[in-house]
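Undergrad: The following block contains the structure, expressed as C-alpha cells.
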Amino acid sequence: MPALTGRIGTPTYTAVLRTPGAWKFYLAAAPARIGIAMTGLGVVWLVHGSTGSYAAAGSVTGGFAVAEAVAGPQVARLIDRFGQTRMLPVTLLAHATAMALLISLTVFDASLWSLAVAGVLAGGSLPQVSAQTAARWSYALRDTPLLSSAFALEALSVGIAFMVGPGLVGVVSSSTSPAAGSILATSLLLVGGLLLAMQRGTAPPPTAPGEHQSAKHLLHKRFAGLVGTNIGIGLFFGSMQVSVTAFAVSRGTPGLAGPLYSITSLVSLFAGLVYGARRWRTAPETQFVIAFVWLTISCVPLIAAHTPLTAALALALPGLAIAPFQTLSAVLTESTVHPAILTQAFTWLNSGGAAGIALGSAFAGWVVDGHSAQSGFVVALAAAVTATLMAMTVKLSGR
C-alpha cells in the first residue's frame, strides 16, 4: 500500500495544515479539546469534594453524560442550520453558565437533586468541538486525498487531549481545590471555543432553506451501522476501563491501573500517526472491517494474561485498531451523509460512543464483581465482536 508522499512522515500532514486557514482553526480548538477531556472527571472531583460521596458524584456525572449524548445532536442540528460562527458562542455561554451554577451549588452544599439538574444542564450544553472541526476539515478538503489524513490528524489531537486532560484535572483538583479542575476545564473550553468561532473563513456555511430535509439521510442503514460501531467501540472502552482496573487491583498492584490502561492509548496515537500519513488502496469499507477484526483478535490474549507484564503486552495490541477506526469512521460518515447535516452526524457518532461507554462500564462492573477481572476482558471481546458485525453491515449497505 503506497504512501501518499512516498514515505511515512510529516509531508502529508504538512500539506493538510497548509490548506488555507487550517492551522488557525486546528490550533484554536486545542484548548477546547483539552477542556472537554477534563470536564467529566472535573465534575467527579467537584461533587465528591462537596458531598464526600462517590455515589453522588457518579449520579451527577451520569446525568451530565446522558444529557450530552441526548442533547448533543440537537445542538448540532442548530449549528448546521445557523452556522458555527453564530451558534458556538451561544452554546459556550450556556455551558459556562451551567458550570458556574454547578460550582456555586457545590460551594453552598446544595441538595443532590439540584446538583443533578445543574449537571444535566452542563452536559446538554457542552459544545461538540471535535464535530465542528471535523466539519471544517470536510468543507475545506472534500473530495481530496488529504481528507482522510486531516481526520487522522483530528483523531490524534483528540487522543492527546484525552491523555493530558484527565491527568491535568486530577493534579489541579487535588493540589488546590476540588472546584479548580472544573474552573480550568471551563476556561479552556471558553478560550478555545471563542477562538474557533473567530475563524469565520473556514466555517461551513449555514444550511440553506430547504436543506434541513437532508436530515432523513441520518436514517440510512449505512449511517445507522456507523453509529452501531461507535456504540460497540464505546462498550469496548467502558468494559476495558473497569477490567484493567480490576486486573491491577486483583494482582496487588492498584497503582498500575492507570499506566496499564494508557498503553492502548499510546499505541493508538502512534498507529494513527502512521496510518494517516499513508494513502491506502484498499476501500475504506474494507479497511473498516479489517480494523475491527483485528480488534476482536487482539482481545483474546487479554483473557489469558495473568501478570502485569503479559497484560501490558496484550494491551498494546488493541491500540493498533483504535486510531484507524476513528479516522475511517469519519471518512465513511463524510461520504454517507449530506454536507448540510455533517455536524449532526459526527455528534451522533460521539453520542453513540458515550452511550456505549456508560453501558460497558456498568455491565463489566457487574460481571467482574460476580466473577473475575478476566471475565471483564471477555465482555470487551464480546463488545469487539458486536462492533465487527456492525462494521460488516456498513460494508454491505453501500452508500
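Chains: A, B, ... in order of the C-alpha cells. Residues: from 1 per chain. Ligands: from 1, in order shown.
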Need the shell around stretch 341-352 of chain A: protein/DNA/RNA residues with any atom at most 6 Å away, counting only C-alpha atoms. Skip same-chain ones fewer than 3 positions apart. Format as a PyMOL selection string?
TA: chain A and resi 69+73+76-77+80+131-132+135+227+230-231+338+355
Undergrad: Which polymer residues have any atom within 10 Å of an atom of A:Leu147, counting only C-alpha atoms, with same-chain residues fewer than 3 positions away left out, as a ChimeraX atom specification?
TA: /A:16,134,137-144,150-153,276,327,330-331,334
Undergrad: Keeping only N, CA and C atoms, write those residues as a PDB file, in the first residue's frame.
TA:
```pdb
ATOM      1  N   VAL A  16      -1.800  19.068   4.718  1.00  0.00           N
ATOM      2  CA  VAL A  16      -3.122  19.292   5.318  1.00  0.00           C
ATOM      3  C   VAL A  16      -3.169  20.652   6.008  1.00  0.00           C
ATOM      4  N   ALA A 134     -14.182  18.727  12.616  1.00  0.00           N
ATOM      5  CA  ALA A 134     -14.269  17.718  11.560  1.00  0.00           C
ATOM      6  C   ALA A 134     -15.088  18.235  10.381  1.00  0.00           C
ATOM      7  N   TRP A 137     -12.879  20.464   8.373  1.00  0.00           N
ATOM      8  CA  TRP A 137     -11.967  19.705   7.509  1.00  0.00           C
ATOM      9  C   TRP A 137     -12.691  19.221   6.259  1.00  0.00           C
ATOM     10  N   SER A 138     -13.903  18.729   6.431  1.00  0.00           N
ATOM     11  CA  SER A 138     -14.668  18.253   5.288  1.00  0.00           C
ATOM     12  C   SER A 138     -14.969  19.387   4.311  1.00  0.00           C
ATOM     13  N   TYR A 139     -15.329  20.546   4.839  1.00  0.00           N
ATOM     14  CA  TYR A 139     -15.637  21.700   3.993  1.00  0.00           C
ATOM     15  C   TYR A 139     -14.414  22.140   3.202  1.00  0.00           C
ATOM     16  N   ALA A 140     -13.239  22.053   3.829  1.00  0.00           N
ATOM     17  CA  ALA A 140     -12.011  22.520   3.173  1.00  0.00           C
ATOM     18  C   ALA A 140     -11.426  21.503   2.208  1.00  0.00           C
ATOM     19  N   LEU A 141     -11.584  20.204   2.495  1.00  0.00           N
ATOM     20  CA  LEU A 141     -10.849  19.183   1.747  1.00  0.00           C
ATOM     21  C   LEU A 141     -11.750  18.121   1.128  1.00  0.00           C
ATOM     22  N   ARG A 142     -13.041  18.390   1.020  1.00  0.00           N
ATOM     23  CA  ARG A 142     -13.963  17.404   0.463  1.00  0.00           C
ATOM     24  C   ARG A 142     -13.505  16.963  -0.923  1.00  0.00           C
ATOM     25  N   ASP A 143     -13.581  15.626  -1.151  1.00  0.00           N
ATOM     26  CA  ASP A 143     -13.228  15.013  -2.438  1.00  0.00           C
ATOM     27  C   ASP A 143     -11.750  15.155  -2.778  1.00  0.00           C
ATOM     28  N   THR A 144     -10.893  15.307  -1.768  1.00  0.00           N
ATOM     29  CA  THR A 144      -9.439  15.328  -1.996  1.00  0.00           C
ATOM     30  C   THR A 144      -8.802  14.176  -1.224  1.00  0.00           C
ATOM     31  N   ALA A 150      -6.479  14.462   7.217  1.00  0.00           N
ATOM     32  CA  ALA A 150      -6.987  15.508   8.106  1.00  0.00           C
ATOM     33  C   ALA A 150      -7.781  14.896   9.252  1.00  0.00           C
ATOM     34  N   PHE A 151      -8.614  13.911   8.952  1.00  0.00           N
ATOM     35  CA  PHE A 151      -9.372  13.236  10.012  1.00  0.00           C
ATOM     36  C   PHE A 151      -8.437  12.482  10.949  1.00  0.00           C
ATOM     37  N   ALA A 152      -7.358  11.912  10.419  1.00  0.00           N
ATOM     38  CA  ALA A 152      -6.382  11.229  11.269  1.00  0.00           C
ATOM     39  C   ALA A 152      -5.698  12.230  12.197  1.00  0.00           C
ATOM     40  N   LEU A 153      -5.401  13.418  11.670  1.00  0.00           N
ATOM     41  CA  LEU A 153      -4.786  14.467  12.491  1.00  0.00           C
ATOM     42  C   LEU A 153      -5.739  14.906  13.595  1.00  0.00           C
ATOM     43  N   GLY A 276      -2.447   7.779   9.116  1.00  0.00           N
ATOM     44  CA  GLY A 276      -2.861   8.987   8.417  1.00  0.00           C
ATOM     45  C   GLY A 276      -1.835   9.516   7.440  1.00  0.00           C
ATOM     46  N   THR A 327     -10.473   7.329  12.344  1.00  0.00           N
ATOM     47  CA  THR A 327     -10.311   8.029  11.077  1.00  0.00           C
ATOM     48  C   THR A 327     -11.301   7.520  10.039  1.00  0.00           C
ATOM     49  N   ALA A 330     -14.905   8.631  10.502  1.00  0.00           N
ATOM     50  CA  ALA A 330     -15.143   9.983   9.998  1.00  0.00           C
ATOM     51  C   ALA A 330     -15.206  10.009   8.479  1.00  0.00           C
ATOM     52  N   VAL A 331     -14.304   9.279   7.822  1.00  0.00           N
ATOM     53  CA  VAL A 331     -14.276   9.239   6.358  1.00  0.00           C
ATOM     54  C   VAL A 331     -15.584   8.673   5.814  1.00  0.00           C
ATOM     55  N   GLU A 334     -18.532  11.068   6.366  1.00  0.00           N
ATOM     56  CA  GLU A 334     -18.472  12.207   5.440  1.00  0.00           C
ATOM     57  C   GLU A 334     -18.965  11.834   4.053  1.00  0.00           C
TER      58      GLU A 334
END
```
Undergrad: Enter the distance from atom CA of A:Ile36 to atom CA of A:Thr61, in Å, rounded to one decimal.
TA: 13.5 Å
Undergrad: Produce a table with one row for each residue of stretch 174-293 of chain A that has an atom at most 6 Å from any atom of stretch 356-380 of chain A, each row naming the nearest atom pair and its distance in Å at one decimal; use only C-alpha atoms; arrange rows by chain and rising residue number; format as a tab-separated table.
TA:
```
residue	atom	partner	partner_atom	distance
A:Ile231	CA	A:Gly356	CA	4.5
A:Gly234	CA	A:Gly356	CA	4.0
A:Leu235	CA	A:Gly360	CA	4.2
A:Phe236	CA	A:Ala380	CA	4.8
A:Phe237	CA	A:Ile357	CA	5.9
A:Gly238	CA	A:Ile357	CA	4.1
A:Ser239	CA	A:Gly360	CA	4.7
A:Ser243	CA	A:Gly376	CA	4.9
A:Ala246	CA	A:Ala373	CA	5.3
A:Phe247	CA	A:Ala373	CA	5.0
```
Undergrad: Would you pick out the contacts of A:Ala312 at 9 Å or less, using only C-alpha atoms, so that residues sharing its chain but fewer than 6 positions from it are not included, and give the list as a PyMOL selection string?
TA: chain A and resi 259-261+263-264+305
Undergrad: Could you work out how far atom CA of A:Val267 lies from atom CA of A:Ala316, giving the answer in Å with one decimal?
TA: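 We find that atom CA of A:Ala316 and atom CA of A:Val267 lie 6.0 Å from each other.
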Undergrad: Provide the atom CA of A:Ser50 to atom CA of A:Ala100 distance in Å, to one decimal place.
TA: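 Separation between atom CA of A:Ser50 and atom CA of A:Ala100: 14.8 Å.
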Undergrad: Using only C-alpha atoms, which of A:Leu88, A:Leu41, A:Ala161, A:Met99 sits nearest A:Gly62?
TA: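 Of A:Leu88, A:Leu41, A:Ala161, A:Met99, the one nearest A:Gly62, counting only C-alpha atoms, is A:Leu41.
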Undergrad: Quick one: everything within 8 Å of A:Val70, counting only C-alpha atoms, minus sequence neighbours fewer than 4 positions away in the same chain. Send it as a CSV table (one decimal) with all heavy atoms, in the first residue's frame.
TA:
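That gives us part.csv:
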```csv
chain,number,residue,atom,x,y,z
A,66,VAL,N,-25.5,11.5,30.1
A,66,VAL,CA,-26.7,11.2,29.4
A,66,VAL,C,-27.2,12.5,28.6
A,66,VAL,O,-27.6,12.4,27.5
A,66,VAL,CB,-27.8,10.7,30.3
A,66,VAL,CG1,-29.1,10.6,29.7
A,66,VAL,CG2,-27.3,9.3,30.9
A,74,GLN,N,-29.0,17.5,19.0
A,74,GLN,CA,-30.0,18.6,18.8
A,74,GLN,C,-29.3,19.9,18.7
A,74,GLN,O,-29.7,20.8,17.9
A,74,GLN,CB,-31.0,18.6,19.9
A,74,GLN,CG,-31.6,17.2,20.3
A,74,GLN,CD,-32.0,16.4,19.1
A,74,GLN,OE1,-32.6,16.9,18.1
A,74,GLN,NE2,-31.7,15.1,19.1
A,124,GLY,N,-25.9,18.9,28.7
A,124,GLY,CA,-26.7,19.2,27.5
A,124,GLY,C,-26.2,20.4,26.6
A,124,GLY,O,-26.5,20.5,25.4
A,351,SER,N,-22.2,10.6,20.5
A,351,SER,CA,-23.2,10.2,21.4
A,351,SER,C,-23.3,8.6,21.5
A,351,SER,O,-23.5,8.1,22.6
A,351,SER,CB,-24.6,10.7,21.0
A,351,SER,OG,-24.6,12.1,21.1
```
Undergrad: Ranking A:Pro20, A:Pro318, A:Gly353, A:Gly72 by minimum distance to A:Ala122 and counting only C-alpha atoms, which one comes first?
TA: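 Smallest distance to A:Ala122 is found for A:Gly72.
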Undergrad: Please list as a list of chain:residue names every residue within 6 Å of stretch 283-295 of chain A, counting only C-alpha atoms and excluding residues in the same chain fewer than 5 positions away.
TA: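 Skipping anything fewer than 5 positions along the chain leaves A:Pro318, A:Ala321, A:Thr388, A:Ala391, A:Lys395.
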Undergrad: Return the single residue from A:Ala56, A:Gly159, A:Ala96, A:Ser130 that is closest to A:Ala116, with distances computed using only C-alpha atoms.
TA: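 Ranked by minimum distance to A:Ala116, first place goes to A:Ala56.
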Undergrad: Just list the residues in stretch 255-327 of chain A DSSP gives alpha helix (DSSP H) on the backbone, as an mmCIF file with N, CA, C and O atoms, in the first residue's frame.
TA:
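Output file out-v9.cif follows:
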```
data_model
loop_
_atom_site.group_PDB
_atom_site.id
_atom_site.type_symbol
_atom_site.label_atom_id
_atom_site.label_comp_id
_atom_site.auth_asym_id
_atom_site.auth_seq_id
_atom_site.Cartn_x
_atom_site.Cartn_y
_atom_site.Cartn_z
ATOM 1 N N ALA A 257 -2.900 0.496 37.449
ATOM 2 C CA ALA A 257 -4.128 0.547 36.657
ATOM 3 C C ALA A 257 -4.065 1.639 35.596
ATOM 4 O O ALA A 257 -4.352 1.406 34.413
ATOM 5 N N GLY A 258 -3.674 2.847 36.014
ATOM 6 C CA GLY A 258 -3.593 3.961 35.065
ATOM 7 C C GLY A 258 -2.562 3.734 33.975
ATOM 8 O O GLY A 258 -2.865 3.864 32.777
ATOM 9 N N PRO A 259 -1.292 3.409 34.348
ATOM 10 C CA PRO A 259 -0.289 3.155 33.320
ATOM 11 C C PRO A 259 -0.659 2.019 32.366
ATOM 12 O O PRO A 259 -0.410 2.107 31.165
ATOM 13 N N LEU A 260 -1.263 0.939 32.902
ATOM 14 C CA LEU A 260 -1.658 -0.167 32.032
ATOM 15 C C LEU A 260 -2.721 0.283 31.024
ATOM 16 O O LEU A 260 -2.627 -0.008 29.822
ATOM 17 N N TYR A 261 -3.709 1.023 31.506
ATOM 18 C CA TYR A 261 -4.784 1.461 30.613
ATOM 19 C C TYR A 261 -4.262 2.433 29.548
ATOM 20 O O TYR A 261 -4.764 2.457 28.427
ATOM 21 N N SER A 262 -3.242 3.210 29.897
ATOM 22 C CA SER A 262 -2.726 4.203 28.943
ATOM 23 C C SER A 262 -1.941 3.571 27.806
ATOM 24 O O SER A 262 -1.705 4.223 26.790
ATOM 25 N N ILE A 263 -1.528 2.308 27.971
ATOM 26 C CA ILE A 263 -0.736 1.658 26.917
ATOM 27 C C ILE A 263 -1.514 1.602 25.614
ATOM 28 O O ILE A 263 -0.980 1.901 24.532
ATOM 29 N N THR A 264 -2.780 1.228 25.678
ATOM 30 C CA THR A 264 -3.606 1.163 24.466
ATOM 31 C C THR A 264 -3.676 2.520 23.786
ATOM 32 O O THR A 264 -3.563 2.627 22.557
ATOM 33 N N SER A 265 -3.838 3.579 24.574
ATOM 34 C CA SER A 265 -3.934 4.928 24.007
ATOM 35 C C SER A 265 -2.621 5.357 23.368
ATOM 36 O O SER A 265 -2.616 5.975 22.294
ATOM 37 N N LEU A 266 -1.505 5.032 24.007
ATOM 38 C CA LEU A 266 -0.200 5.410 23.452
ATOM 39 C C LEU A 266 0.047 4.720 22.120
ATOM 40 O O LEU A 266 0.499 5.344 21.147
ATOM 41 N N VAL A 267 -0.239 3.430 22.065
ATOM 42 C CA VAL A 267 -0.063 2.697 20.807
ATOM 43 C C VAL A 267 -1.018 3.241 19.748
ATOM 44 O O VAL A 267 -0.662 3.366 18.572
ATOM 45 N N SER A 268 -2.235 3.598 20.155
ATOM 46 C CA SER A 268 -3.209 4.146 19.219
ATOM 47 C C SER A 268 -2.721 5.452 18.603
ATOM 48 O O SER A 268 -2.898 5.689 17.400
ATOM 49 N N LEU A 269 -2.089 6.301 19.415
ATOM 50 C CA LEU A 269 -1.560 7.564 18.880
ATOM 51 C C LEU A 269 -0.509 7.306 17.810
ATOM 52 O O LEU A 269 -0.504 7.940 16.748
ATOM 53 N N PHE A 270 0.387 6.372 18.069
ATOM 54 C CA PHE A 270 1.429 6.049 17.096
ATOM 55 C C PHE A 270 0.817 5.442 15.839
ATOM 56 O O PHE A 270 1.167 5.818 14.709
ATOM 57 N N ALA A 271 -0.123 4.514 16.025
ATOM 58 C CA ALA A 271 -0.766 3.871 14.879
ATOM 59 C C ALA A 271 -1.526 4.887 14.036
ATOM 60 O O ALA A 271 -1.509 4.841 12.804
ATOM 61 N N GLY A 272 -2.179 5.837 14.702
ATOM 62 C CA GLY A 272 -2.916 6.862 13.971
ATOM 63 C C GLY A 272 -2.006 7.768 13.176
ATOM 64 O O GLY A 272 -2.327 8.166 12.052
ATOM 65 N N LEU A 273 -0.859 8.099 13.751
ATOM 66 C CA LEU A 273 0.107 8.947 13.049
ATOM 67 C C LEU A 273 0.606 8.267 11.786
ATOM 68 O O LEU A 273 0.695 8.886 10.714
ATOM 69 N N VAL A 274 0.936 6.989 11.898
ATOM 70 C CA VAL A 274 1.416 6.233 10.738
ATOM 71 C C VAL A 274 0.299 6.029 9.714
ATOM 72 O O VAL A 274 0.492 6.222 8.511
ATOM 73 N N TYR A 275 -0.874 5.669 10.209
ATOM 74 C CA TYR A 275 -1.995 5.406 9.295
ATOM 75 C C TYR A 275 -2.366 6.632 8.475
ATOM 76 O O TYR A 275 -2.576 6.554 7.269
ATOM 77 N N GLY A 276 -2.447 7.779 9.116
ATOM 78 C CA GLY A 276 -2.861 8.987 8.417
ATOM 79 C C GLY A 276 -1.835 9.516 7.440
ATOM 80 O O GLY A 276 -2.167 10.325 6.563
ATOM 81 N N PRO A 284 -12.157 2.058 1.926
ATOM 82 C CA PRO A 284 -12.348 2.367 3.347
ATOM 83 C C PRO A 284 -13.271 1.380 4.055
ATOM 84 O O PRO A 284 -13.036 1.031 5.219
ATOM 85 N N GLU A 285 -14.322 0.920 3.370
ATOM 86 C CA GLU A 285 -15.238 -0.030 3.988
ATOM 87 C C GLU A 285 -14.530 -1.331 4.373
ATOM 88 O O GLU A 285 -14.782 -1.903 5.435
ATOM 89 N N THR A 286 -13.638 -1.782 3.506
ATOM 90 C CA THR A 286 -12.883 -2.999 3.791
ATOM 91 C C THR A 286 -11.895 -2.775 4.923
ATOM 92 O O THR A 286 -11.736 -3.622 5.814
ATOM 93 N N GLN A 287 -11.220 -1.627 4.901
ATOM 94 C CA GLN A 287 -10.308 -1.292 5.992
ATOM 95 C C GLN A 287 -11.048 -1.246 7.325
ATOM 96 O O GLN A 287 -10.515 -1.660 8.365
ATOM 97 N N PHE A 288 -12.259 -0.738 7.286
ATOM 98 C CA PHE A 288 -13.083 -0.619 8.483
ATOM 99 C C PHE A 288 -13.307 -1.994 9.104
ATOM 100 O O PHE A 288 -13.125 -2.182 10.314
ATOM 101 N N VAL A 289 -13.670 -2.956 8.283
ATOM 102 C CA VAL A 289 -13.901 -4.316 8.771
ATOM 103 C C VAL A 289 -12.602 -4.929 9.284
ATOM 104 O O VAL A 289 -12.570 -5.570 10.349
ATOM 105 N N ILE A 290 -11.514 -4.720 8.552
ATOM 106 C CA ILE A 290 -10.217 -5.277 8.960
ATOM 107 C C ILE A 290 -9.815 -4.745 10.341
ATOM 108 O O ILE A 290 -9.318 -5.495 11.198
ATOM 109 N N ALA A 291 -10.027 -3.443 10.566
ATOM 110 C CA ALA A 291 -9.669 -2.850 11.857
ATOM 111 C C ALA A 291 -10.425 -3.529 12.993
ATOM 112 O O ALA A 291 -9.855 -3.830 14.059
ATOM 113 N N PHE A 292 -11.707 -3.821 12.774
ATOM 114 C CA PHE A 292 -12.497 -4.430 13.841
ATOM 115 C C PHE A 292 -12.195 -5.915 14.004
ATOM 116 O O PHE A 292 -12.274 -6.448 15.117
ATOM 117 N N VAL A 293 -11.872 -6.585 12.914
ATOM 118 C CA VAL A 293 -11.448 -7.983 13.037
ATOM 119 C C VAL A 293 -10.179 -8.060 13.884
ATOM 120 O O VAL A 293 -10.043 -8.925 14.761
ATOM 121 N N TRP A 294 -9.248 -7.126 13.625
ATOM 122 C CA TRP A 294 -8.017 -7.100 14.420
ATOM 123 C C TRP A 294 -8.323 -6.787 15.889
ATOM 124 O O TRP A 294 -7.739 -7.393 16.786
ATOM 125 N N LEU A 295 -9.251 -5.848 16.124
ATOM 126 C CA LEU A 295 -9.618 -5.522 17.497
ATOM 127 C C LEU A 295 -10.150 -6.760 18.210
ATOM 128 O O LEU A 295 -9.805 -7.016 19.377
ATOM 129 N N THR A 296 -10.966 -7.543 17.516
ATOM 130 C CA THR A 296 -11.519 -8.761 18.109
ATOM 131 C C THR A 296 -10.419 -9.763 18.433
ATOM 132 O O THR A 296 -10.357 -10.312 19.541
ATOM 133 N N ILE A 297 -9.537 -9.986 17.479
ATOM 134 C CA ILE A 297 -8.434 -10.942 17.685
ATOM 135 C C ILE A 297 -7.540 -10.490 18.839
ATOM 136 O O ILE A 297 -7.081 -11.303 19.656
ATOM 137 N N SER A 298 -7.303 -9.168 18.923
ATOM 138 C CA SER A 298 -6.369 -8.655 19.923
ATOM 139 C C SER A 298 -6.906 -8.770 21.343
ATOM 140 O O SER A 298 -6.138 -8.639 22.307
ATOM 141 N N CYS A 299 -8.209 -8.998 21.493
ATOM 142 C CA CYS A 299 -8.784 -9.153 22.841
ATOM 143 C C CYS A 299 -8.497 -10.533 23.433
ATOM 144 O O CYS A 299 -8.533 -10.693 24.664
ATOM 145 N N VAL A 300 -8.233 -11.506 22.594
ATOM 146 C CA VAL A 300 -8.053 -12.878 23.080
ATOM 147 C C VAL A 300 -6.868 -13.007 24.034
ATOM 148 O O VAL A 300 -6.989 -13.636 25.105
ATOM 149 N N PRO A 301 -5.675 -12.429 23.722
ATOM 150 C CA PRO A 301 -4.552 -12.559 24.666
ATOM 151 C C PRO A 301 -4.835 -11.950 26.036
ATOM 152 O O PRO A 301 -4.253 -12.387 27.036
ATOM 153 N N LEU A 302 -5.720 -10.961 26.104
ATOM 154 C CA LEU A 302 -6.028 -10.354 27.399
ATOM 155 C C LEU A 302 -6.666 -11.361 28.344
ATOM 156 O O LEU A 302 -6.423 -11.330 29.562
ATOM 157 N N ILE A 303 -7.479 -12.246 27.794
ATOM 158 C CA ILE A 303 -8.161 -13.235 28.634
ATOM 159 C C ILE A 303 -7.147 -14.193 29.270
ATOM 160 O O ILE A 303 -7.360 -14.699 30.377
ATOM 161 N N ALA A 304 -6.031 -14.402 28.568
ATOM 162 C CA ALA A 304 -5.018 -15.330 29.065
ATOM 163 C C ALA A 304 -3.931 -14.650 29.892
ATOM 164 O O ALA A 304 -3.062 -15.326 30.447
ATOM 165 N N PRO A 308 1.127 -8.472 35.311
ATOM 166 C CA PRO A 308 1.118 -7.121 34.741
ATOM 167 C C PRO A 308 1.922 -7.011 33.448
ATOM 168 O O PRO A 308 1.531 -6.269 32.542
ATOM 169 N N LEU A 309 3.021 -7.751 33.342
ATOM 170 C CA LEU A 309 3.835 -7.681 32.137
ATOM 171 C C LEU A 309 3.095 -8.244 30.928
ATOM 172 O O LEU A 309 3.060 -7.618 29.854
ATOM 173 N N THR A 310 2.496 -9.425 31.081
ATOM 174 C CA THR A 310 1.762 -10.010 29.952
ATOM 175 C C THR A 310 0.537 -9.166 29.612
ATOM 176 O O THR A 310 0.172 -9.023 28.447
ATOM 177 N N ALA A 311 -0.081 -8.571 30.632
ATOM 178 C CA ALA A 311 -1.219 -7.690 30.373
ATOM 179 C C ALA A 311 -0.772 -6.452 29.603
ATOM 180 O O ALA A 311 -1.461 -5.995 28.689
ATOM 181 N N ALA A 312 0.383 -5.909 29.956
ATOM 182 C CA ALA A 312 0.900 -4.723 29.259
ATOM 183 C C ALA A 312 1.139 -5.019 27.786
ATOM 184 O O ALA A 312 0.790 -4.218 26.906
ATOM 185 N N LEU A 313 1.721 -6.184 27.512
ATOM 186 C CA LEU A 313 1.973 -6.570 26.119
ATOM 187 C C LEU A 313 0.653 -6.770 25.371
ATOM 188 O O LEU A 313 0.505 -6.345 24.215
ATOM 189 N N ALA A 314 -0.297 -7.407 26.042
ATOM 190 C CA ALA A 314 -1.586 -7.664 25.396
ATOM 191 C C ALA A 314 -2.359 -6.367 25.162
ATOM 192 O O ALA A 314 -3.057 -6.223 24.149
ATOM 193 N N LEU A 315 -2.251 -5.395 26.072
ATOM 194 C CA LEU A 315 -2.983 -4.140 25.937
ATOM 195 C C LEU A 315 -2.458 -3.268 24.804
ATOM 196 O O LEU A 315 -3.142 -2.341 24.357
ATOM 197 N N ALA A 316 -1.252 -3.558 24.338
ATOM 198 C CA ALA A 316 -0.712 -2.791 23.207
ATOM 199 C C ALA A 316 -1.417 -3.159 21.901
ATOM 200 O O ALA A 316 -1.547 -2.319 21.000
ATOM 201 N N GLY A 319 -4.595 -1.178 20.513
ATOM 202 C CA GLY A 319 -4.286 0.186 20.106
ATOM 203 C C GLY A 319 -4.024 0.333 18.622
ATOM 204 O O GLY A 319 -4.227 1.407 18.043
ATOM 205 N N LEU A 320 -3.599 -0.758 17.972
ATOM 206 C CA LEU A 320 -3.325 -0.713 16.534
ATOM 207 C C LEU A 320 -4.598 -0.522 15.720
ATOM 208 O O LEU A 320 -4.544 -0.095 14.566
ATOM 209 N N ALA A 321 -5.747 -0.827 16.317
ATOM 210 C CA ALA A 321 -7.020 -0.716 15.589
ATOM 211 C C ALA A 321 -7.789 0.554 15.902
ATOM 212 O O ALA A 321 -8.610 0.993 15.094
ATOM 213 N N ILE A 322 -7.533 1.165 17.068
ATOM 214 C CA ILE A 322 -8.388 2.260 17.537
ATOM 215 C C ILE A 322 -8.301 3.489 16.641
ATOM 216 O O ILE A 322 -9.326 4.009 16.164
ATOM 217 N N ALA A 323 -7.094 4.002 16.409
ATOM 218 C CA ALA A 323 -6.955 5.227 15.612
ATOM 219 C C ALA A 323 -7.422 5.045 14.166
ATOM 220 O O ALA A 323 -8.126 5.917 13.640
ATOM 221 N N PRO A 324 -7.068 3.937 13.487
ATOM 222 C CA PRO A 324 -7.632 3.734 12.145
ATOM 223 C C PRO A 324 -9.155 3.705 12.148
ATOM 224 O O PRO A 324 -9.788 4.247 11.238
ATOM 225 N N PHE A 325 -9.749 3.077 13.173
ATOM 226 C CA PHE A 325 -11.219 3.081 13.262
ATOM 227 C C PHE A 325 -11.754 4.508 13.341
ATOM 228 O O PHE A 325 -12.726 4.857 12.664
ATOM 229 N N GLN A 326 -11.159 5.333 14.192
ATOM 230 C CA GLN A 326 -11.650 6.697 14.372
ATOM 231 C C GLN A 326 -11.569 7.489 13.067
ATOM 232 O O GLN A 326 -12.499 8.216 12.710
ATOM 233 N N THR A 327 -10.473 7.329 12.344
ATOM 234 C CA THR A 327 -10.311 8.029 11.077
ATOM 235 C C THR A 327 -11.301 7.520 10.039
ATOM 236 O O THR A 327 -11.978 8.296 9.362
#
```
Undergrad: Go through A:Ala382, A:Trp45, A:Thr12, A:Val129 one by one, measure the shortest atom-to-atom distance of each to A:Leu195 using only C-alpha atoms, and give the residue with the smallest value.
TA: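 Comparing A:Ala382, A:Trp45, A:Thr12, A:Val129 against A:Leu195, the winner is A:Val129.
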